[in-house]
Amino acid sequence: MSLQSQGDHVEYQTQTFYMTFEELGIGEGMSSEDMMNAINSSLARSYDALQGVDAVGSLEDNRVKVTVTIDYKKADIQALINAGLLHEGEVDTKYVSLGKTQSQLEQEGYSCTIQ
């Protein structure tokens, strides 16, 4: 996961994670085109309704690589909280706080470095 901020204001977040074919309802006998259609359909159901959120999937090593990018300048913060993409503890009134986000991630077991 990477965050880009201006001071304490997080402006962008990019997170990459992997999912199995089973998690996305993809059968091993499907063609590559059918797999990509299934991946895109699944990601669209999860993320398309969220303003400022972009999700891209690709096939990698017999699994699906998913990259989710959030533009916090365009996103509806409450919609992100409702969708589980953001914790209320990361929000400082009207913006996403880098400090609060870092604390939340460390509480979840992540190691954070600032570059």
# chains A, B, ... in the order shown; residues from 1 in each chain; ligands from 1
call {"tool": "residues_around", "arguments": {"residues": "region 67-77 of chain A", "least_positions_apart": "4", "cutoff": "9 Å", "atoms": "only C-alpha atoms", "output": "list of chain:residue names"}}
result
A:Val10, A:Glu11, A:Tyr12, A:Gln13, A:Thr14, A:Gln15, A:Thr16, A:Phe17, A:Tyr18, A:Tyr47, A:Leu50, A:Gln51, A:Gly52, A:Val53, A:Asp54, A:Ala55, A:Val56, A:Gly57, A:Ser58, A:Ile81, A:Asn82, A:Leu86, A:Val91, A:Lys94, A:Tyr95, A:Val96
call {"tool": "residues_around", "arguments": {"residues": "His87 (chain A)", "least_positions_apart": "4", "cutoff": "12 Å", "atoms": "only C-alpha atoms", "output": "list in words"}}
result
Ile77, Gln78, Ala79, Leu80, Ile81, Asn82, Ala83, Val91, Asp92, Val96, Ser97, Lys100, Thr101, Gln102, Ser103, Gln104, Leu105 and Glu108 of chain A
